[in-house]
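Structure first, then comments.
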Amino acid sequence: MTLQDVLDDIRKRPGTGDVIPIIDPVTEEQLTEFTDCGAAGVDEAVARAKAAFEAEVWSGLPGAERAKVMWRIADLIDEHAAEFAEIDSANTGMMKMQSELVVPTCAEFFRYYAGWCTKINGTAYDVRSTGIAGAGYVDHHAYTLKEPYGVVGLIFPWNGPIFNACAKIAPALAAGCSSLVKPAEETPLSALLLDRLIHEAGVPDGVVNLITGYGHTAGAAISAHPDVEKVAFTGSTEVGKMIVQASTGNLKKVMLELGGKSPVLIFDDADLDKAIFGAAMGIFVHSGQGCVCGSRIFVQRGVYDQVVEGIAGVANFMKYGGPTEEGVMSGPLISAKQLSRVLGYIDEGKRDGVEVVTGGFRLDRKGYFVHPTVLTNVDPATSRLYKEEIFGPVVSIIPFDDEDEAVAMANDTTYGLAATAWTTNVTRAHRIVKRLQAGSVQINCQLVFDHDVPFGGYKQSGWGHEFGKDGLDAYLKQKTVWAQL
Ligand code: NAP
Ligand code: MG
């Protein structure tokens with residue numbers, strides 16, 4: 001399926017709601033448009049998903065058979081890698097090299113979780129229970145069964161369209177669930193190709209159902225639907241809270257991967273070349289549109305000026321541009337809305353006396369590009385720049401004197417997604433790992449990921465974990481069985 005095929009196909013998808021344009025963030029021109037499927041489209045998809053689940057067309061297959069189909073999906077993704085990369089780059093403006101690197105990782109989600117299909121086991125317990133009081137010892141055998149939740153809603157944002165889709169669909173399929181797959185309305189294109197390949201690989205109809213529509217219509221309908229047993233959501237904390245509220249009708253289970261305001265601590269004993277480059281990439285890559293981006297950098301006072309200068313140097317060196325432009329290191333923001341949001345934060349900072357070391361403006365060209373921006377003199381007590389997730393290439397750099405102060409400032413946030421420490425002092429590194437309130441702590445590295453390693457947020461950055469075995473368990477419920485011997 002070429003880019004042109006998906007641009008044509010999405011126009012033909014059924015819907016009765018608003019017509020939603022898809023805009024190329026590099027040219028600001030419309031690529032295509034589609035009709036919101038709305039709550040009615042969700043109702044139909046849930047009915048299909050429920051029927052497929054109850055008929056056990058997928059969950060009833062032996063794990064080994066599900067695994068074979070998932071390997072075929074992975075192989076098909078690899079075969080169509082060039083198309084995926086072209087589609088995601090056209091839709092998000094991300095560098096071609098970046099989208100090309102991501103696709104094999106996406107295929108790997110299906111291979112990784114295919115491996116778990118044959119290893120979904122409960123636990124056996126040898127029990128000598130006292131049973132009913134006074135009746136004496138009674139021998140029991142007890143065990144647990146892991147069972148798929150049933151119909152699950154998978155809702156995710158635009159910052160990594162095909163990655164986000166595969167990260168959720170693969171474990172849901174491995175577990176045996178039926179799913180509703182709702183990409184962001186800005187970036188549904190690669191999900192069309194994925195949906196086709198999933199079915200070509202042999203996943204029966206009704207098991208994976210693509211939903212194309214807005215969040216406040218289709219997404220909200222999924223979150224409130226009485227036949228949806230679980231929602232796995234990646235996105236903003238604000239929408240995460242709405243999903244929790246919408247889920248109360250049937251007390252559906254909710255997994256949340258939310259926003260962050262992740263701290264990066266650079267100590268004076270750090271390898272400064274690595275720390276400066278790592279911290280700069282940790283916020284400026286992908287125009288800062290990553291949930292784990294380190295948007296608050298704390299630097300020990302003795303090396304503060306050197307680090308500010310170094311990070312500003314990387315910011316000035318980085319060329320932002322379209323997917324195939326020469327020498328480009330990052331793409332644009334996703335939309336005009338995100339552009340004005342990011343510039344709004346910067347303008348507010350300027351009014352509040354923040355010092356702009358570099359950047360702070362929109363690039364003088366077509367497209368939603370903001371120059372990588374380094375800010376100092378940011379007031380942690382009052383500045384929204386410091387407290388709120390901007391989701392753009394904007395970083396505040398703040399000095400600290402000692403470890404206690406650094407940890408206190410790092411933890412002074414409602415978020416708790418990720419944190420990084422740059423230090424060559426091994427003892428200090430492991431000591432502060434325990435003190436940092438974040439679901440992921442990285443020592444001398446940033447933006448690291450593996451399919452097998454769990455990922456989740458503390459505080460208002462999330463509920464539950466994705467990836468690894470924890471990510472599989474997120475789609476399984478547990479039944480306890482007792483037998484009296
Ligand atoms: P968002 O507004 O929260 O949207 C995320 C998804 O939720 C989209 O598919 C959106 O659909 C849908 N949605 C919106 N309103 C909804 C509602 N009322 N009910 C159900 N679904 C609804 O986030 P975004 O602006 O697209 O993405 C940026 C945010 O995602 C940032 O805050 C970032 O930190 C977070 N993020 C987190 C992670 C993580 O793993 N923790 C990863 C990536 C991004 P529409 O777009 O169609 O409205
Ligand atoms: Mg959106």
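Every chain in the structure tokens takes a letter, A first, then B, and so on in the order presented; its residues are numbered from 1, and the ligands are numbered from 1 following the presented order.
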List the spatial neighbours of segment 409-413 of chain A as a ChimeraX atom specification - criterion: any atom at most 6 Å away, only C-alpha atoms, same-chain residues fewer than 2 positions off excluded.
/A:263,406-407,415,437
Export of prior selection with all heavy atoms as a PDB file, in the first residue's frame:
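Result went into out.pdb, see below:
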ATOM      1  N   PRO A 263      12.973  15.323  34.777  1.00  0.00           N
ATOM      2  CA  PRO A 263      14.202  16.007  35.180  1.00  0.00           C
ATOM      3  C   PRO A 263      15.460  15.277  34.701  1.00  0.00           C
ATOM      4  O   PRO A 263      15.499  14.054  34.653  1.00  0.00           O
ATOM      5  CB  PRO A 263      14.125  15.963  36.712  1.00  0.00           C
ATOM      6  CG  PRO A 263      13.336  14.736  37.014  1.00  0.00           C
ATOM      7  CD  PRO A 263      12.374  14.533  35.873  1.00  0.00           C
ATOM      8  N   ALA A 406      19.136  19.083  44.323  1.00  0.00           N
ATOM      9  CA  ALA A 406      18.827  18.577  42.980  1.00  0.00           C
ATOM     10  C   ALA A 406      17.649  17.600  43.032  1.00  0.00           C
ATOM     11  O   ALA A 406      16.717  17.685  42.226  1.00  0.00           O
ATOM     12  CB  ALA A 406      20.054  17.890  42.384  1.00  0.00           C
ATOM     13  N   VAL A 407      17.704  16.675  43.988  1.00  0.00           N
ATOM     14  CA  VAL A 407      16.635  15.672  44.089  1.00  0.00           C
ATOM     15  C   VAL A 407      15.314  16.342  44.455  1.00  0.00           C
ATOM     16  O   VAL A 407      14.254  16.015  43.892  1.00  0.00           O
ATOM     17  CB  VAL A 407      17.023  14.585  45.119  1.00  0.00           C
ATOM     18  CG1 VAL A 407      15.838  13.686  45.428  1.00  0.00           C
ATOM     19  CG2 VAL A 407      18.193  13.759  44.608  1.00  0.00           C
ATOM     20  N   TYR A 415       4.243  15.216  37.878  1.00  0.00           N
ATOM     21  CA  TYR A 415       4.545  14.093  36.983  1.00  0.00           C
ATOM     22  C   TYR A 415       5.594  13.168  37.590  1.00  0.00           C
ATOM     23  O   TYR A 415       6.292  13.546  38.532  1.00  0.00           O
ATOM     24  CB  TYR A 415       5.083  14.620  35.652  1.00  0.00           C
ATOM     25  CG  TYR A 415       4.067  15.364  34.823  1.00  0.00           C
ATOM     26  CD1 TYR A 415       4.179  16.734  34.617  1.00  0.00           C
ATOM     27  CD2 TYR A 415       3.011  14.685  34.231  1.00  0.00           C
ATOM     28  CE1 TYR A 415       3.251  17.413  33.832  1.00  0.00           C
ATOM     29  CE2 TYR A 415       2.084  15.356  33.441  1.00  0.00           C
ATOM     30  CZ  TYR A 415       2.215  16.722  33.245  1.00  0.00           C
ATOM     31  OH  TYR A 415       1.310  17.378  32.469  1.00  0.00           O
ATOM     32  N   GLN A 437      11.526  10.257  42.161  1.00  0.00           N
ATOM     33  CA  GLN A 437      10.151   9.756  42.048  1.00  0.00           C
ATOM     34  C   GLN A 437       9.761   9.686  40.570  1.00  0.00           C
ATOM     35  O   GLN A 437       9.102  10.581  40.037  1.00  0.00           O
ATOM     36  CB  GLN A 437       9.201  10.677  42.812  1.00  0.00           C
ATOM     37  CG  GLN A 437       9.475  10.690  44.308  1.00  0.00           C
ATOM     38  CD  GLN A 437       8.875  11.895  45.002  1.00  0.00           C
ATOM     39  OE1 GLN A 437       8.166  12.689  44.394  1.00  0.00           O
ATOM     40  NE2 GLN A 437       9.160  12.035  46.278  1.00  0.00           N
TER      41      GLN A 437
END
Do a neighbour search on Pro393 of chain A at 9 Å with only C-alpha atoms, toss out local chain neighbours closer than 3 positions, and write the hits as number ranges by chain.
A: 283-289, 295, 333, 342, 370-374, 390
Can you spit out the residues from that selection as a compact mmCIF listing (two decimals), in the first residue's frame, using all heavy atoms?
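To be explicit, this is the file written out as again-v4.txt:
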# COMPACT_ATOMS: atom_id res chain seq x y z
N ILE A 283 15.91 16.29 24.59
CA ILE A 283 14.78 17.22 24.50
C ILE A 283 14.55 17.71 23.07
O ILE A 283 13.42 17.95 22.67
CB ILE A 283 14.93 18.43 25.47
CG1 ILE A 283 13.74 19.38 25.39
CG2 ILE A 283 16.23 19.19 25.24
CD1 ILE A 283 12.45 18.82 25.89
N PHE A 284 15.60 17.82 22.27
CA PHE A 284 15.42 18.43 20.95
C PHE A 284 15.09 17.44 19.85
O PHE A 284 14.58 17.82 18.79
CB PHE A 284 16.67 19.24 20.56
CG PHE A 284 16.95 20.37 21.50
CD1 PHE A 284 18.25 20.66 21.88
CD2 PHE A 284 15.91 21.13 22.01
CE1 PHE A 284 18.50 21.71 22.76
CE2 PHE A 284 16.17 22.18 22.90
CZ PHE A 284 17.47 22.46 23.27
N VAL A 285 15.40 16.16 20.07
CA VAL A 285 15.11 15.18 19.04
C VAL A 285 13.59 15.07 18.90
O VAL A 285 12.85 15.26 19.87
CB VAL A 285 15.78 13.82 19.43
CG1 VAL A 285 14.98 13.08 20.47
CG2 VAL A 285 16.04 12.98 18.22
N HIS A 286 13.11 14.85 17.70
CA HIS A 286 11.67 14.74 17.44
C HIS A 286 10.92 15.99 17.92
O HIS A 286 9.79 15.92 18.37
CB HIS A 286 11.12 13.48 18.12
CG HIS A 286 9.85 12.97 17.51
ND1 HIS A 286 9.51 13.15 16.18
CD2 HIS A 286 8.79 12.30 18.05
CE1 HIS A 286 8.33 12.60 15.94
NE2 HIS A 286 7.88 12.09 17.06
N SER A 287 11.63 17.11 17.88
CA SER A 287 11.05 18.40 18.30
C SER A 287 10.45 18.34 19.70
O SER A 287 9.47 19.03 20.00
CB SER A 287 9.98 18.87 17.30
OG SER A 287 10.56 19.75 16.37
N GLY A 288 11.03 17.53 20.56
CA GLY A 288 10.57 17.47 21.95
C GLY A 288 9.22 16.78 22.12
O GLY A 288 8.62 16.85 23.19
N GLN A 289 8.77 16.09 21.08
CA GLN A 289 7.45 15.45 21.15
C GLN A 289 7.55 14.01 21.63
O GLN A 289 7.03 13.08 20.99
CB GLN A 289 6.77 15.51 19.78
CG GLN A 289 6.60 16.93 19.27
CD GLN A 289 6.12 16.97 17.83
OE1 GLN A 289 4.99 17.35 17.58
NE2 GLN A 289 6.95 16.58 16.90
N SER A 295 12.71 17.78 29.95
CA SER A 295 12.42 19.20 29.70
C SER A 295 12.86 20.12 30.84
O SER A 295 12.75 21.33 30.75
CB SER A 295 10.92 19.38 29.43
OG SER A 295 10.18 18.77 30.45
N LEU A 333 6.76 20.28 14.59
CA LEU A 333 5.66 19.92 15.49
C LEU A 333 4.52 19.39 14.62
O LEU A 333 4.48 19.63 13.42
CB LEU A 333 5.22 21.15 16.29
CG LEU A 333 6.29 21.72 17.22
CD1 LEU A 333 5.86 23.07 17.77
CD2 LEU A 333 6.57 20.75 18.37
N VAL A 342 3.09 25.71 21.91
CA VAL A 342 4.50 25.80 22.29
C VAL A 342 4.96 27.26 22.30
O VAL A 342 5.58 27.73 23.27
CB VAL A 342 5.37 24.94 21.33
CG1 VAL A 342 6.86 25.18 21.58
CG2 VAL A 342 5.04 23.46 21.49
N VAL A 370 9.67 25.00 15.36
CA VAL A 370 10.14 25.93 16.38
C VAL A 370 11.64 25.67 16.59
O VAL A 370 12.05 24.51 16.72
CB VAL A 370 9.38 25.72 17.71
CG1 VAL A 370 10.03 26.52 18.84
CG2 VAL A 370 7.92 26.12 17.55
N HIS A 371 12.42 26.73 16.59
CA HIS A 371 13.87 26.57 16.82
C HIS A 371 14.08 25.97 18.21
O HIS A 371 13.42 26.38 19.17
CB HIS A 371 14.56 27.94 16.74
CG HIS A 371 16.05 27.86 16.72
ND1 HIS A 371 16.79 27.56 17.85
CD2 HIS A 371 16.94 28.03 15.71
CE1 HIS A 371 18.08 27.54 17.54
NE2 HIS A 371 18.20 27.83 16.25
N PRO A 372 14.98 24.99 18.34
CA PRO A 372 15.26 24.44 19.67
C PRO A 372 15.59 25.58 20.64
O PRO A 372 16.38 26.46 20.31
CB PRO A 372 16.47 23.53 19.45
CG PRO A 372 16.64 23.38 17.99
CD PRO A 372 15.81 24.40 17.29
N THR A 373 14.95 25.52 21.79
CA THR A 373 14.94 26.69 22.68
C THR A 373 15.51 26.35 24.06
O THR A 373 15.08 25.38 24.69
CB THR A 373 13.47 27.19 22.81
OG1 THR A 373 13.02 27.57 21.51
CG2 THR A 373 13.37 28.36 23.77
N VAL A 374 16.47 27.15 24.48
CA VAL A 374 17.09 26.98 25.81
C VAL A 374 16.73 28.18 26.67
O VAL A 374 16.98 29.34 26.28
CB VAL A 374 18.63 26.86 25.68
CG1 VAL A 374 19.28 26.79 27.06
CG2 VAL A 374 19.00 25.64 24.85
N ILE A 390 5.19 20.80 27.90
CA ILE A 390 5.07 21.65 26.70
C ILE A 390 4.98 20.79 25.45
O ILE A 390 4.25 21.09 24.53
CB ILE A 390 6.26 22.63 26.62
CG1 ILE A 390 6.26 23.54 27.86
CG2 ILE A 390 6.21 23.45 25.34
CD1 ILE A 390 7.46 24.47 27.95
Could you give me the residues within segment 212-416 of chain A that DSSP places in strand (DSSP E or B), as a count of residues only?
40
Tell me, as a PyMOL selection string, which residues lie within 7 Å of Val181 of chain A, counting only C-alpha atoms; anything in the same chain fewer than 6 positions away does not count.
chain A and resi 153-155+209-211
Restricting the calculation to only C-alpha atoms and all ligand atoms: of A:Val394, A:Cys106, A:Ala49, A:Cys291, which residue gets closest to ligand 1?
A:Cys291
Residue neighbourhood Leu375 of chain A, 6 Å, only C-alpha atoms, exclusion window fewer than 5 positions, as a PyMOL selection string:
chain A and resi 355-357+396
Deliver the residues from the most recent selection as a file, using N, CA and C atoms, as a PDB file, in the first residue's frame.
ATOM      1  N   GLU A 355      15.054  34.138  30.658  1.00  0.00           N
ATOM      2  CA  GLU A 355      16.092  34.512  29.690  1.00  0.00           C
ATOM      3  C   GLU A 355      16.163  33.466  28.573  1.00  0.00           C
ATOM      4  N   VAL A 356      16.042  33.929  27.338  1.00  0.00           N
ATOM      5  CA  VAL A 356      16.119  33.013  26.196  1.00  0.00           C
ATOM      6  C   VAL A 356      17.571  32.961  25.729  1.00  0.00           C
ATOM      7  N   VAL A 357      18.233  31.839  25.995  1.00  0.00           N
ATOM      8  CA  VAL A 357      19.643  31.713  25.615  1.00  0.00           C
ATOM      9  C   VAL A 357      19.752  31.487  24.110  1.00  0.00           C
ATOM     10  N   SER A 396      14.191  24.121  30.125  1.00  0.00           N
ATOM     11  CA  SER A 396      14.616  25.060  31.174  1.00  0.00           C
ATOM     12  C   SER A 396      15.844  24.476  31.851  1.00  0.00           C
TER      13      SER A 396
END
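Remark: for ligand 1, the closest of the candidate residues A:Gly294, A:Gly260, A:Pro25, A:Gly464 is A:Gly260 (distances computed over only C-alpha atoms and all ligand atoms).
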Leaving out Asp305 of chain A and any residue of its chain fewer than 2 positions from it, which residues lie within 12 Å of it when counting only C-alpha atoms, given as a PyMOL selection string?
chain A and resi 268+272+276+298-303+307-312+357+376+397-399
Please, which residues have at least one atom within 7 Å of an atom of ligand 2, using only C-alpha atoms and all ligand atoms, listed as a list in words?
Pro157, Trp158, Ala184, Glu185, Glu186 and Gly215 of chain A
Neighbour list for Ile73 of chain A as a list in words, cut-off 7 Å, only C-alpha atoms, skip fewer than 3 positions in-chain:
Val69, Met70, Leu76, Ile77, Phe110, Leu197, Ile198 and Ala201 of chain A
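Of the residues under consideration (A:Glu100, A:Asp78, A:Glu229, A:Glu28), A:Glu229 shows the shortest atom-to-atom contact distance to Tyr475 of chain A when counting only C-alpha atoms.
Taking only C-alpha atoms into account, His140 of chain A lies nearest to A:Asp126 out of the set A:Asp126, A:Leu101, A:Gln478, A:Pro332.
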List every residue of segment 137-252 of chain A that DSSP, applied to the backbone of this structure, assigns to alpha helix (DSSP H), and report them as number ranges by chain.
A: 161-175, 189-200, 220-224, 237-246
Take the residues from that selection and write them out as a JSON list (two decimals), in the first residue's frame, keeping C-alpha atoms.
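File produced: result28.json:
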[["chain", "number", "residue", "atom", "x", "y", "z"],
["A", 161, "PRO", "CA", 1.96, 6.52, 15.00],
["A", 162, "ILE", "CA", 3.08, 3.05, 13.95],
["A", 163, "PHE", "CA", 5.17, 2.50, 17.10],
["A", 164, "ASN", "CA", 2.30, 3.41, 19.40],
["A", 165, "ALA", "CA", -0.09, 1.16, 17.47],
["A", 166, "CYS", "CA", 2.19, -1.90, 17.56],
["A", 167, "ALA", "CA", 3.14, -1.38, 21.21],
["A", 168, "LYS", "CA", -0.50, -1.90, 22.15],
["A", 169, "ILE", "CA", -1.88, -4.26, 19.49],
["A", 170, "ALA", "CA", 0.88, -6.89, 19.91],
["A", 171, "PRO", "CA", 0.37, -7.65, 23.63],
["A", 172, "ALA", "CA", -3.41, -7.43, 23.25],
["A", 173, "LEU", "CA", -3.26, -10.05, 20.47],
["A", 174, "ALA", "CA", -0.85, -12.26, 22.41],
["A", 175, "ALA", "CA", -3.23, -12.24, 25.36],
["A", 189, "LEU", "CA", -2.62, 6.74, 8.07],
["A", 190, "SER", "CA", -0.07, 4.03, 8.91],
["A", 191, "ALA", "CA", -2.71, 2.24, 11.00],
["A", 192, "LEU", "CA", -4.62, 1.57, 7.78],
["A", 193, "LEU", "CA", -1.70, -0.35, 6.31],
["A", 194, "LEU", "CA", -1.10, -2.15, 9.62],
["A", 195, "ASP", "CA", -4.78, -3.12, 9.81],
["A", 196, "ARG", "CA", -4.58, -4.61, 6.32],
["A", 197, "LEU", "CA", -1.44, -6.60, 7.13],
["A", 198, "ILE", "CA", -2.85, -7.89, 10.42],
["A", 199, "HIS", "CA", -5.77, -9.39, 8.51],
["A", 200, "GLU", "CA", -3.58, -10.63, 5.66],
["A", 220, "ALA", "CA", -14.85, 9.04, 24.42],
["A", 221, "ALA", "CA", -17.33, 6.43, 23.13],
["A", 222, "ILE", "CA", -14.74, 3.68, 23.60],
["A", 223, "SER", "CA", -13.94, 4.87, 27.12],
["A", 224, "ALA", "CA", -17.60, 4.90, 28.14],
["A", 237, "THR", "CA", -2.63, 13.48, 31.65],
["A", 238, "GLU", "CA", -5.67, 15.68, 31.06],
["A", 239, "VAL", "CA", -7.30, 13.19, 28.67],
["A", 240, "GLY", "CA", -6.16, 10.30, 30.88],
["A", 241, "LYS", "CA", -8.27, 11.74, 33.69],
["A", 242, "MET", "CA", -11.27, 12.05, 31.34],
["A", 243, "ILE", "CA", -10.89, 8.39, 30.42],
["A", 244, "VAL", "CA", -10.83, 7.38, 34.07],
["A", 245, "GLN", "CA", -14.04, 9.34, 34.64],
["A", 246, "ALA", "CA", -15.69, 7.82, 31.56]]
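For the atom pair formed by atom CA of Glu33 of chain A and atom CA of Lys12 of chain A, the distance is 9.6 Å, given to one decimal.
If you measure from each of A:Ala381, A:Leu61, A:Val208, A:Ile432 to Asp404 of chain A using only C-alpha atoms, the closest one turns out to be A:Ile432.
Considering only C-alpha atoms and all ligand atoms, the residue among A:His225, A:Lys50, A:Lys366, A:Arg296 positioned nearest to ligand 1 is A:His225.
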Contacts of Lys252 of chain A at 8 Å or less, counting only C-alpha atoms, minus same-chain residues fewer than 2 places along, as JSON, numbers by chain?
{"A": [228, 229, 230, 231, 247, 248, 249, 250, 254]}
